[in-house]
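Structure file query-v8.txt; described as compact mmCIF, C-alpha atoms.
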```txt
# COMPACT_ATOMS: atom_id res chain seq x y z
CA MET S 151 71.55 -123.91 -26.00
CA THR S 152 68.15 -123.48 -27.61
CA ARG S 153 65.47 -126.16 -27.62
CA ILE S 154 63.35 -126.41 -30.76
CA LEU S 155 60.04 -128.23 -31.11
CA GLY S 156 59.20 -129.32 -34.66
CA ILE S 157 55.63 -130.22 -35.60
CA ASP S 158 54.34 -132.06 -38.65
CA PRO S 159 50.57 -131.59 -38.39
CA GLY S 160 48.10 -134.25 -39.55
CA SER S 161 44.50 -135.04 -38.66
CA GLN S 162 45.21 -138.73 -38.03
CA ARG S 163 48.79 -138.53 -36.79
CA THR S 164 50.79 -135.43 -35.86
CA GLY S 165 54.57 -135.80 -35.75
CA VAL S 166 56.52 -134.25 -32.89
CA GLY S 167 60.31 -133.82 -32.88
CA ILE S 168 62.46 -132.02 -30.32
CA ILE S 169 66.14 -131.08 -30.72
CA ASP S 170 68.67 -128.85 -28.97
CA VAL S 171 70.90 -126.51 -30.97
CA ASP S 172 74.04 -124.82 -29.64
CA ALA S 173 75.45 -121.41 -30.60
CA GLY S 174 77.48 -123.02 -33.40
CA GLY S 175 74.37 -124.57 -34.97
CA ARG S 176 75.16 -128.14 -33.78
CA THR S 177 71.99 -130.16 -33.22
CA THR S 178 71.27 -132.89 -30.65
CA HIS S 179 68.26 -135.20 -30.61
CA VAL S 180 66.00 -134.88 -27.55
CA HIS S 181 62.73 -136.64 -28.34
CA HIS S 182 60.44 -137.69 -31.16
CA GLN S 183 57.08 -139.40 -31.41
CA PRO S 184 53.89 -139.43 -33.42
CA LEU S 185 50.72 -138.30 -31.62
CA VAL S 186 48.10 -140.77 -32.83
CA LEU S 187 44.65 -139.19 -32.92
CA LEU S 188 42.58 -142.02 -34.36
CA ASP S 189 41.29 -143.30 -31.02
CA ALA S 190 39.02 -140.32 -30.34
CA GLU S 191 35.27 -140.83 -30.63
CA ASP S 192 34.63 -137.75 -32.79
CA PHE S 193 36.54 -134.97 -34.52
CA PRO S 194 36.39 -132.36 -31.74
CA GLN S 195 37.67 -135.03 -29.31
CA ARG S 196 40.45 -135.85 -31.75
CA LEU S 197 41.49 -132.19 -31.72
CA LYS S 198 41.34 -132.27 -27.92
CA LEU S 199 43.75 -135.25 -27.87
CA LEU S 200 46.09 -133.23 -30.09
CA LEU S 201 45.78 -130.07 -27.97
CA GLN S 202 46.42 -131.97 -24.75
CA GLY S 203 49.08 -134.31 -26.16
CA LEU S 204 51.10 -131.51 -27.69
CA GLY S 205 50.49 -129.26 -24.67
CA GLY S 206 51.77 -132.02 -22.38
CA LEU S 207 54.96 -132.45 -24.42
CA ILE S 208 55.53 -128.66 -24.37
CA GLU S 209 55.15 -128.63 -20.57
CA GLN S 210 57.50 -131.62 -20.27
CA TYR S 211 60.28 -130.58 -22.66
CA ARG S 212 59.91 -126.75 -22.44
CA PRO S 213 61.04 -125.77 -25.97
CA ASP S 214 62.17 -122.16 -26.58
CA GLU S 215 60.99 -121.97 -30.17
CA VAL S 216 58.65 -123.88 -32.44
CA ALA S 217 58.85 -124.77 -36.14
CA ILE S 218 55.93 -126.12 -38.13
CA GLU S 219 55.64 -127.29 -41.70
CA LYS S 220 53.67 -125.05 -44.06
CA VAL S 221 51.45 -127.82 -45.32
CA PHE S 222 51.06 -128.62 -48.95
CA VAL S 223 47.45 -129.08 -49.97
CA GLY S 224 46.57 -131.36 -52.84
CA LYS S 225 43.41 -131.40 -54.88
CA SER S 226 40.89 -132.34 -52.20
CA ALA S 227 39.29 -129.42 -50.34
CA ASP S 228 37.90 -131.90 -47.82
CA SER S 229 41.30 -133.27 -46.78
CA ALA S 230 42.69 -129.70 -46.74
CA LEU S 231 39.95 -128.77 -44.26
CA LYS S 232 40.79 -131.73 -41.99
CA LEU S 233 44.50 -130.97 -42.16
CA GLY S 234 43.80 -127.29 -41.51
CA GLN S 235 41.86 -128.16 -38.37
CA ALA S 236 44.76 -130.22 -37.02
CA ARG S 237 47.23 -127.47 -37.93
CA GLY S 238 45.08 -124.79 -36.27
CA THR S 239 44.85 -126.91 -33.13
CA ALA S 240 48.60 -127.60 -33.06
CA ILE S 241 49.32 -123.87 -33.40
CA SER S 242 46.77 -123.22 -30.64
CA ALA S 243 48.70 -125.49 -28.26
CA VAL S 244 51.83 -123.45 -29.03
CA VAL S 245 50.48 -119.87 -28.95
CA LEU S 246 48.59 -120.68 -25.73
CA ARG S 247 52.06 -120.92 -24.15
CA ASP S 248 53.33 -117.74 -25.87
CA LEU S 249 56.02 -119.54 -27.87
CA PRO S 250 57.18 -118.09 -31.19
CA VAL S 251 56.11 -120.16 -34.24
CA HIS S 252 58.16 -120.30 -37.44
CA GLU S 253 56.71 -121.77 -40.62
CA TYR S 254 58.75 -123.57 -43.29
CA ALA S 255 57.59 -124.84 -46.67
CA ALA S 256 58.40 -128.45 -47.64
CA LYS S 257 60.79 -127.08 -50.29
CA GLU S 258 62.77 -125.10 -47.67
CA ILE S 259 63.03 -128.21 -45.48
CA LYS S 260 64.32 -130.31 -48.36
CA LEU S 261 66.79 -127.59 -49.30
CA ALA S 262 68.07 -127.33 -45.70
CA LEU S 263 68.47 -131.09 -45.19
CA VAL S 264 69.34 -132.48 -48.61
CA GLY S 265 70.48 -129.31 -50.41
CA LYS S 266 67.86 -129.83 -53.12
CA GLY S 267 64.28 -128.45 -53.02
CA SER S 268 63.03 -131.34 -55.14
CA ALA S 269 64.50 -134.12 -52.92
CA GLU S 270 62.41 -137.19 -52.08
CA LYS S 271 60.73 -137.33 -48.67
CA THR S 272 62.61 -140.57 -47.91
CA GLN S 273 65.94 -138.79 -48.51
CA VAL S 274 64.93 -136.14 -45.96
CA GLN S 275 64.05 -138.85 -43.44
CA HIS S 276 67.35 -140.59 -44.08
CA MET S 277 69.26 -137.31 -43.48
CA VAL S 278 67.38 -136.72 -40.21
CA GLY S 279 68.60 -140.08 -38.89
CA LEU S 280 72.14 -139.34 -40.05
CA MET S 281 72.33 -135.79 -38.67
CA LEU S 282 70.89 -136.71 -35.28
CA ASN S 283 72.77 -140.00 -35.12
CA LEU S 284 69.63 -142.10 -34.71
CA LYS S 285 69.69 -145.83 -35.38
CA GLY S 286 66.91 -147.69 -37.16
CA LYS S 287 63.95 -146.54 -39.21
CA LEU S 288 62.15 -143.45 -37.92
CA GLN S 289 58.37 -143.22 -37.91
CA ALA S 290 57.62 -140.95 -40.91
CA ASP S 291 55.62 -138.18 -39.16
CA ALA S 292 58.12 -137.93 -36.29
CA ALA S 293 60.98 -137.79 -38.84
CA ASP S 294 59.24 -134.94 -40.68
CA ALA S 295 58.80 -133.11 -37.39
CA LEU S 296 62.53 -133.49 -36.61
CA ALA S 297 63.28 -132.27 -40.17
CA VAL S 298 61.41 -128.99 -39.70
CA ALA S 299 63.10 -128.52 -36.30
CA ILE S 300 66.55 -129.02 -37.92
CA THR S 301 65.60 -126.57 -40.70
CA HIS S 302 64.77 -123.93 -38.10
CA ALA S 303 68.02 -124.67 -36.22
CA HIS S 304 70.00 -124.00 -39.42
CA VAL S 305 68.08 -120.86 -40.33
CA ARG S 306 68.51 -119.36 -36.86
CA ALA S 307 72.24 -120.33 -36.74
CA THR S 308 72.74 -118.51 -40.06
CA ALA S 309 70.80 -115.48 -38.77
CA ASN S 310 72.94 -115.48 -35.60
CA ARG S 311 76.14 -115.67 -37.64
CA ILE S 312 75.05 -112.72 -39.79
CA GLY S 313 74.06 -110.87 -36.63
CA ILE S 314 77.48 -111.51 -35.05
CA ASP S 315 79.32 -110.58 -38.28
CA ALA S 316 77.29 -107.40 -38.55
CA ARG S 317 78.16 -106.44 -35.01
CA ALA S 318 81.86 -107.33 -35.58
CA ALA S 319 81.92 -105.21 -38.75
CA TRP S 320 80.32 -102.36 -36.90
CA SER S 321 82.82 -102.55 -33.98
CA ARG S 322 85.75 -102.32 -36.43
CA LYS S 323 84.56 -98.95 -37.73
CA MET U 113 17.91 -122.66 -18.50
CA THR U 114 20.76 -123.71 -20.77
CA ARG U 115 23.20 -121.28 -22.35
CA ILE U 116 24.36 -122.12 -25.87
CA LEU U 117 27.35 -120.67 -27.67
CA GLY U 118 27.13 -120.77 -31.47
CA ILE U 119 30.27 -120.39 -33.58
CA ASP U 120 30.57 -119.65 -37.29
CA PRO U 121 34.29 -120.16 -37.94
CA GLY U 122 36.22 -118.12 -40.50
CA SER U 123 39.90 -117.27 -40.93
CA GLN U 124 39.22 -113.52 -41.33
CA ARG U 125 36.13 -113.19 -39.16
CA THR U 126 34.59 -115.74 -36.77
CA GLY U 127 30.98 -115.17 -35.77
CA VAL U 128 29.95 -115.67 -32.15
CA GLY U 129 26.34 -115.89 -30.95
CA ILE U 130 25.07 -116.72 -27.48
CA ILE U 131 21.48 -117.58 -26.53
CA ASP U 132 19.62 -119.02 -23.55
CA VAL U 133 17.06 -121.78 -24.02
CA ASP U 134 14.48 -122.83 -21.41
CA ALA U 135 13.01 -126.29 -20.81
CA GLY U 136 10.23 -125.58 -23.32
CA GLY U 137 12.71 -124.72 -26.08
CA ARG U 138 12.11 -120.94 -25.93
CA THR U 139 15.21 -118.97 -26.90
CA THR U 140 16.46 -115.60 -25.63
CA HIS U 141 19.27 -113.53 -27.14
CA VAL U 142 22.29 -112.98 -24.86
CA HIS U 143 25.14 -111.70 -27.05
CA HIS U 144 26.51 -111.69 -30.57
CA GLN U 145 29.58 -110.29 -32.27
CA PRO U 146 32.10 -111.04 -34.97
CA LEU U 147 35.69 -111.68 -33.86
CA VAL U 148 37.76 -109.83 -36.47
CA LEU U 149 41.13 -111.51 -36.99
CA LEU U 150 42.61 -109.37 -39.76
CA ASP U 151 44.71 -107.14 -37.49
CA ALA U 152 47.21 -109.89 -36.55
CA GLU U 153 50.72 -109.66 -37.99
CA ASP U 154 50.87 -113.27 -39.17
CA PHE U 155 48.69 -116.37 -39.35
CA PRO U 156 49.71 -118.00 -36.01
CA GLN U 157 49.03 -114.63 -34.32
CA ARG U 158 45.65 -114.51 -36.03
CA LEU U 159 44.82 -117.92 -34.56
CA LYS U 160 46.02 -116.64 -31.17
CA LEU U 161 43.58 -113.69 -31.42
CA LEU U 162 40.79 -116.20 -32.13
CA LEU U 163 41.83 -118.55 -29.31
CA GLN U 164 42.02 -115.70 -26.79
CA GLY U 165 38.97 -113.81 -28.09
CA LEU U 166 36.74 -116.87 -28.05
CA GLY U 167 38.27 -118.06 -24.76
CA GLY U 168 37.53 -114.66 -23.20
CA LEU U 169 33.88 -114.80 -24.31
CA ILE U 170 33.52 -118.34 -22.92
CA GLU U 171 34.93 -117.17 -19.55
CA GLN U 172 32.61 -114.14 -19.57
CA TYR U 173 29.34 -115.78 -20.67
CA ARG U 174 29.94 -119.33 -19.36
CA PRO U 175 27.93 -121.34 -21.93
CA ASP U 176 26.83 -124.89 -21.06
CA GLU U 177 27.01 -126.26 -24.59
CA VAL U 178 28.55 -125.26 -27.90
CA ALA U 179 27.28 -125.58 -31.47
CA ILE U 180 29.48 -125.05 -34.51
CA GLU U 181 28.72 -125.08 -38.21
CA LYS U 182 30.07 -128.02 -40.20
CA VAL U 183 31.73 -125.89 -42.80
CA PHE U 184 31.05 -126.27 -46.45
CA VAL U 185 34.21 -126.34 -48.53
CA GLY U 186 34.17 -125.14 -52.09
CA LYS U 187 36.65 -125.91 -54.82
CA SER U 188 39.75 -124.28 -53.37
CA ALA U 189 41.93 -126.52 -51.19
CA ASP U 190 43.84 -123.43 -50.08
CA SER U 191 40.81 -121.65 -48.63
CA ALA U 192 39.65 -124.96 -47.09
CA LEU U 193 43.02 -125.19 -45.30
CA LYS U 194 42.70 -121.62 -43.93
CA LEU U 195 39.11 -122.23 -42.85
CA GLY U 196 40.14 -125.54 -41.27
CA GLN U 197 42.82 -123.83 -39.21
CA ALA U 198 40.31 -121.30 -37.86
CA ARG U 199 37.82 -124.09 -37.14
CA GLY U 200 40.46 -126.20 -35.37
CA THR U 201 41.45 -123.22 -33.25
CA ALA U 202 37.84 -122.38 -32.38
CA ILE U 203 37.22 -126.00 -31.31
CA SER U 204 40.46 -125.84 -29.30
CA ALA U 205 39.15 -122.85 -27.32
CA VAL U 206 36.03 -124.90 -26.53
CA VAL U 207 37.52 -128.32 -25.70
CA LEU U 208 40.17 -126.61 -23.53
CA ARG U 209 37.27 -125.75 -21.22
CA ASP U 210 35.74 -129.24 -21.44
CA LEU U 211 32.52 -128.07 -23.08
CA PRO U 212 30.57 -130.43 -25.35
CA VAL U 213 30.66 -129.47 -29.04
CA HIS U 214 27.82 -130.25 -31.44
CA GLU U 215 28.25 -129.92 -35.19
CA TYR U 216 25.49 -128.98 -37.63
CA ALA U 217 25.59 -128.88 -41.41
CA ALA U 218 24.37 -125.73 -43.20
CA LYS U 219 21.40 -127.75 -44.50
CA GLU U 220 20.34 -128.72 -40.97
CA ILE U 221 20.54 -125.07 -39.88
CA LYS U 222 18.40 -123.93 -42.81
CA LEU U 223 15.91 -126.69 -42.11
CA ALA U 224 15.68 -125.76 -38.41
CA LEU U 225 15.25 -122.03 -39.02
CA VAL U 226 13.41 -121.74 -42.32
CA GLY U 227 11.98 -125.25 -42.66
CA LYS U 228 13.73 -125.74 -45.99
CA GLY U 229 17.23 -127.15 -46.48
CA SER U 230 17.71 -125.13 -49.65
CA ALA U 231 16.79 -121.74 -48.09
CA GLU U 232 18.88 -118.66 -48.88
CA LYS U 233 21.44 -117.52 -46.29
CA THR U 234 19.66 -114.12 -46.11
CA GLN U 235 16.40 -115.87 -45.16
CA VAL U 236 18.20 -117.63 -42.29
CA GLN U 237 19.63 -114.30 -41.08
CA HIS U 238 16.18 -112.71 -41.31
CA MET U 239 14.68 -115.55 -39.22
CA VAL U 240 17.41 -115.16 -36.58
CA GLY U 241 16.45 -111.50 -36.10
CA LEU U 242 12.77 -112.39 -35.96
CA MET U 243 13.12 -115.32 -33.53
CA LEU U 244 15.40 -113.46 -31.13
CA ASN U 245 13.46 -110.20 -31.49
CA LEU U 246 16.50 -108.22 -32.65
CA LYS U 247 16.08 -104.86 -34.39
CA GLY U 248 18.17 -103.78 -37.38
CA LYS U 249 20.51 -105.66 -39.70
CA LEU U 250 22.73 -108.28 -38.07
CA GLN U 251 26.39 -108.67 -39.00
CA ALA U 252 26.40 -111.78 -41.23
CA ASP U 253 28.94 -113.95 -39.31
CA ALA U 254 27.33 -113.19 -35.94
CA ALA U 255 23.89 -113.97 -37.44
CA ASP U 256 25.19 -117.34 -38.70
CA ALA U 257 26.59 -118.07 -35.24
CA LEU U 258 23.21 -117.31 -33.63
CA ALA U 259 21.58 -119.54 -36.27
CA VAL U 260 23.66 -122.60 -35.32
CA ALA U 261 22.98 -121.89 -31.62
CA ILE U 262 19.20 -121.78 -32.31
CA THR U 263 19.47 -125.02 -34.32
CA HIS U 264 21.10 -126.75 -31.35
CA ALA U 265 18.46 -125.30 -29.01
CA HIS U 266 15.72 -126.86 -31.16
CA VAL U 267 17.47 -130.20 -31.52
CA ARG U 268 18.06 -130.52 -27.79
CA ALA U 269 14.48 -129.40 -26.97
CA THR U 270 13.20 -132.16 -29.28
CA ALA U 271 15.56 -134.69 -27.71
CA ASN U 272 14.39 -133.65 -24.23
CA ARG U 273 10.75 -134.00 -25.27
CA ILE U 274 11.36 -137.49 -26.64
CA GLY U 275 13.31 -138.33 -23.48
CA ILE U 276 10.43 -137.19 -21.25
CA ASP U 277 7.85 -139.03 -23.38
CA ALA U 278 9.92 -142.19 -23.29
CA ARG U 279 10.17 -142.03 -19.50
CA ALA U 280 6.41 -141.30 -19.25
CA ALA U 281 5.61 -144.28 -21.47
CA TRP U 282 7.92 -146.48 -19.44
CA SER U 283 6.34 -145.42 -16.10
CA ARG U 284 2.84 -146.30 -17.38
CA LYS U 285 3.85 -149.92 -17.95
```
Would you put the structure from the file into structure tokens?
Amino acid sequence: MTRILGIDPGSQRTGVGIIDVDAGGRTTHVHHQPLVLLDAEDFPQRLKLLLQGLGGLIEQYRPDEVAIEKVFVGKSADSALKLGQARGTAISAVVLRDLPVHEYAAKEIKLALVGKGSAEKTQVQHMVGLMLNLKGKLQADAADALAVAITHAHVRATANRIGIDARAAWSRK
Amino acid sequence: MTRILGIDPGSQRTGVGIIDVDAGGRTTHVHHQPLVLLDAEDFPQRLKLLLQGLGGLIEQYRPDEVAIEKVFVGKSADSALKLGQARGTAISAVVLRDLPVHEYAAKEIKLALVGKGSAEKTQVQHMVGLMLNLKGKLQADAADALAVAITHAHVRATANRIGIDARAAWSRK
């Protein structure tokens, strides 16, 4: 069993989603929540809340691997800077604990969950609930964090399968 | 004596400058260097180099306060995102150690060092060398880091002076 932490970084709210995946690629929900950063008095303090909040969840749930969304940046350089700061801080919390970080583009996440790179964000969130058997509406950032964790679970299950097949093919020689 | 760490964040190179300032606002050079982040295999590893490099310098030089440039973002949202990630990571290294962070805009730095908010960057770097009595050409990122540290030294010296005057005025009542 491998535990995966998914992160959807944001400067106001960072989504956190944790799942377990077994050798067959089956996923189980463990935890999800948004880390709300708006209460901090200034921006460095907001990053500190993120660093400590995410660090605390890593200590508590002890994930083996981490997946983070490759953020899409729109037209505004200013919002890209803010988002970048949150993303850099989230990655800091992870690399501080020597965990491997895998990055997935929004398109890859949509492809993995809905089978279509151009799927709507709401479709992705719907599939997260379905796949993890969660009732009720998920908070959007936490759902996105679970989505990137599921994407990584699928990618690593495929890699494992290829690895096993390769070894099986080799042993038949 | 107060030790100030100045940081000029960048995703390829982050400048670090450390100075001491006495009660009268006189500054002395302690250390400066660029942290070169290009050797890392991927972006999270690059941020890890920054987090550990800056963390190591904080442990070694034990600054009391930290000053960081409020970065200017140009037209490109993509470069703003990269810069933001470096800045978020640099602030993470600082807040992890519970040090206060002060932010200064480029204009404030130019005003403090050259007396003119529209001064050229090369003028600022020249003034850094002059004020700290450093021989030879300074590496640009390290010079910018020393510049933000000097700016904070001046601002806090002024604040101290006003504080002392205010107390003196109060005691005369």
Test item: residues at most 9 Å from Leu246 of chain S, all atoms listed in the file, excluding those fewer than 2 positions along its chain, as a list of chain:residue names: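 Close residues of Leu246 of chain S: S:Gly205, S:Ile241, S:Ser242, S:Ala243, S:Val244, S:Asp248, S:Leu249, U:Lys160, U:Leu163, U:Gln164.
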Closest-contact table, chain U side, partner chain S, 10 Å, counting all atoms listed in the file, as CSV:
```
residue,atom,partner,partner_atom,distance
U:Asp154,CA,S:Val251,CA,10.0
U:Phe155,CA,S:Ile241,CA,9.6
U:Pro156,CA,S:Ile241,CA,6.4
U:Gln157,CA,S:Val245,CA,7.6
U:Leu159,CA,S:Ser242,CA,6.9
U:Lys160,CA,S:Val245,CA,5.9
U:Leu161,CA,S:Val245,CA,9.6
U:Leu162,CA,S:Ser242,CA,9.3
U:Leu163,CA,S:Ser242,CA,6.9
U:Gln164,CA,S:Leu246,CA,8.3
U:Val183,CA,S:Leu231,CA,8.8
U:Phe184,CA,S:Asp228,CA,9.0
U:Val185,CA,S:Ala227,CA,6.2
U:Gly186,CA,S:Ala227,CA,6.9
U:Lys187,CA,S:Ala227,CA,6.3
U:Ser188,CA,S:Ala227,CA,6.0
U:Ala189,CA,S:Ala227,CA,4.0
U:Asp190,CA,S:Val223,CA,6.7
U:Ser191,CA,S:Ala227,CA,8.1
U:Ala192,CA,S:Leu231,CA,4.8
U:Leu193,CA,S:Gly234,CA,4.4
U:Lys194,CA,S:Gly234,CA,6.3
U:Leu195,CA,S:Leu231,CA,6.7
U:Gly196,CA,S:Gly234,CA,4.1
U:Gln197,CA,S:Gly238,CA,3.8
U:Ala198,CA,S:Gly238,CA,6.1
U:Arg199,CA,S:Gln235,CA,5.9
U:Gly200,CA,S:Gln235,CA,3.8
U:Thr201,CA,S:Gly238,CA,5.0
U:Ala202,CA,S:Thr239,CA,8.4
U:Ile203,CA,S:Pro194,CA,6.4
U:Ser204,CA,S:Thr239,CA,5.9
U:Ala205,CA,S:Ser242,CA,8.3
U:Val206,CA,S:Pro194,CA,9.1
U:Val207,CA,S:Lys198,CA,5.9
U:Leu208,CA,S:Lys198,CA,7.3
U:Asp210,CA,S:Lys198,CA,9.1
U:Pro212,CA,S:Pro194,CA,8.9
U:Val213,CA,S:Pro194,CA,7.0
U:His214,CA,S:Pro194,CA,8.8
U:Glu215,CA,S:Pro194,CA,9.2
```
Best match for closeness to Val278 of chain S among S:His302, S:Arg153, S:His179, S:Lys257, counting only C-alpha atoms: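 Nearest candidate to Val278 of chain S out of S:His302, S:Arg153, S:His179, S:Lys257: S:His179.
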Would you kindly return, as a ChimeraX atom specification, each protein, DNA or RNA residue with an atom no farther than 9 Å from any atom of segment 241-247 of chain U, considering all atoms listed in the file and excluding same-chain residues fewer than 4 positions away? /U:131,139-141,225,236-237,255,262
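If all atoms listed in the file are the atoms counted, then among U:His143, U:Lys182, U:Arg174, U:Arg138 the closest residue to Asp120 of chain U is U:Lys182.
For the pair atom CA of Ala173 of chain S and atom CA of Thr308 of chain S, the interatomic distance is 10.3 Å.
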So the first atom is atom CA of Ala299 of chain S and the second is atom CA of His182 of chain S; what is the distance between them in Å, to one decimal place?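 Answer for the atom CA of Ala299 of chain S to atom CA of His182 of chain S separation: 10.8 Å.
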Can you work out which one of U:Ala271, U:Met239, U:Arg209, U:Gly122 has the shortest atom-to-atom distance to Leu150 of chain U, counting all atoms listed in the file?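 The answer is U:Gly122, which sits nearest to Leu150 of chain U.
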What is the atom CA of Ile154 of chain S to atom CA of Pro184 of chain S distance in Å? 16.3 Å
Judged by all atoms listed in the file, the minimum distance to Asp151 of chain U among U:Lys233, U:Gly137, U:Ile130, U:Gln124 is found for U:Gln124
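Those residues that approach Thr126 of chain U to within 8 Å, counting all atoms listed in the file, are Ile119, Asp120, Pro121, Pro146, Leu147, Val148, Leu149, Leu162, Asp253 and Ala254 of chain U; same-chain residues fewer than 5 positions away are not listed.
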So, counting all atoms listed in the file, which residue among U:Glu181, U:Glu232, U:Asp256, U:Asp134 is closest to Arg268 of chain U?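 Among the listed residues, the smallest separation from Arg268 of chain U belongs to U:Asp134.
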If you count only C-alpha atoms, which residues fall within 7 Å of Lys260 of chain S, apart from same-chain ones fewer than 5 positions away, as a PyMOL selection string? chain S and resi 265-269+274
Keeping only C-alpha atoms, write those residues as a compact mmCIF listing (two decimals), keeping the file's coordinate frame.
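Saved the output as again_25.txt:
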```txt
# COMPACT_ATOMS: atom_id res chain seq x y z
CA GLY S 265 70.48 -129.31 -50.41
CA LYS S 266 67.86 -129.83 -53.12
CA GLY S 267 64.28 -128.45 -53.02
CA SER S 268 63.03 -131.34 -55.14
CA ALA S 269 64.50 -134.12 -52.92
CA VAL S 274 64.93 -136.14 -45.96
```
Which residue, U:Ile180, U:Val128, U:Met113, U:Leu169, has the smallest gap to Leu250 of chain U when you use all atoms listed in the file?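 Checking each of U:Ile180, U:Val128, U:Met113, U:Leu169 against Leu250 of chain U, counting all atoms listed in the file, the winner is U:Val128.
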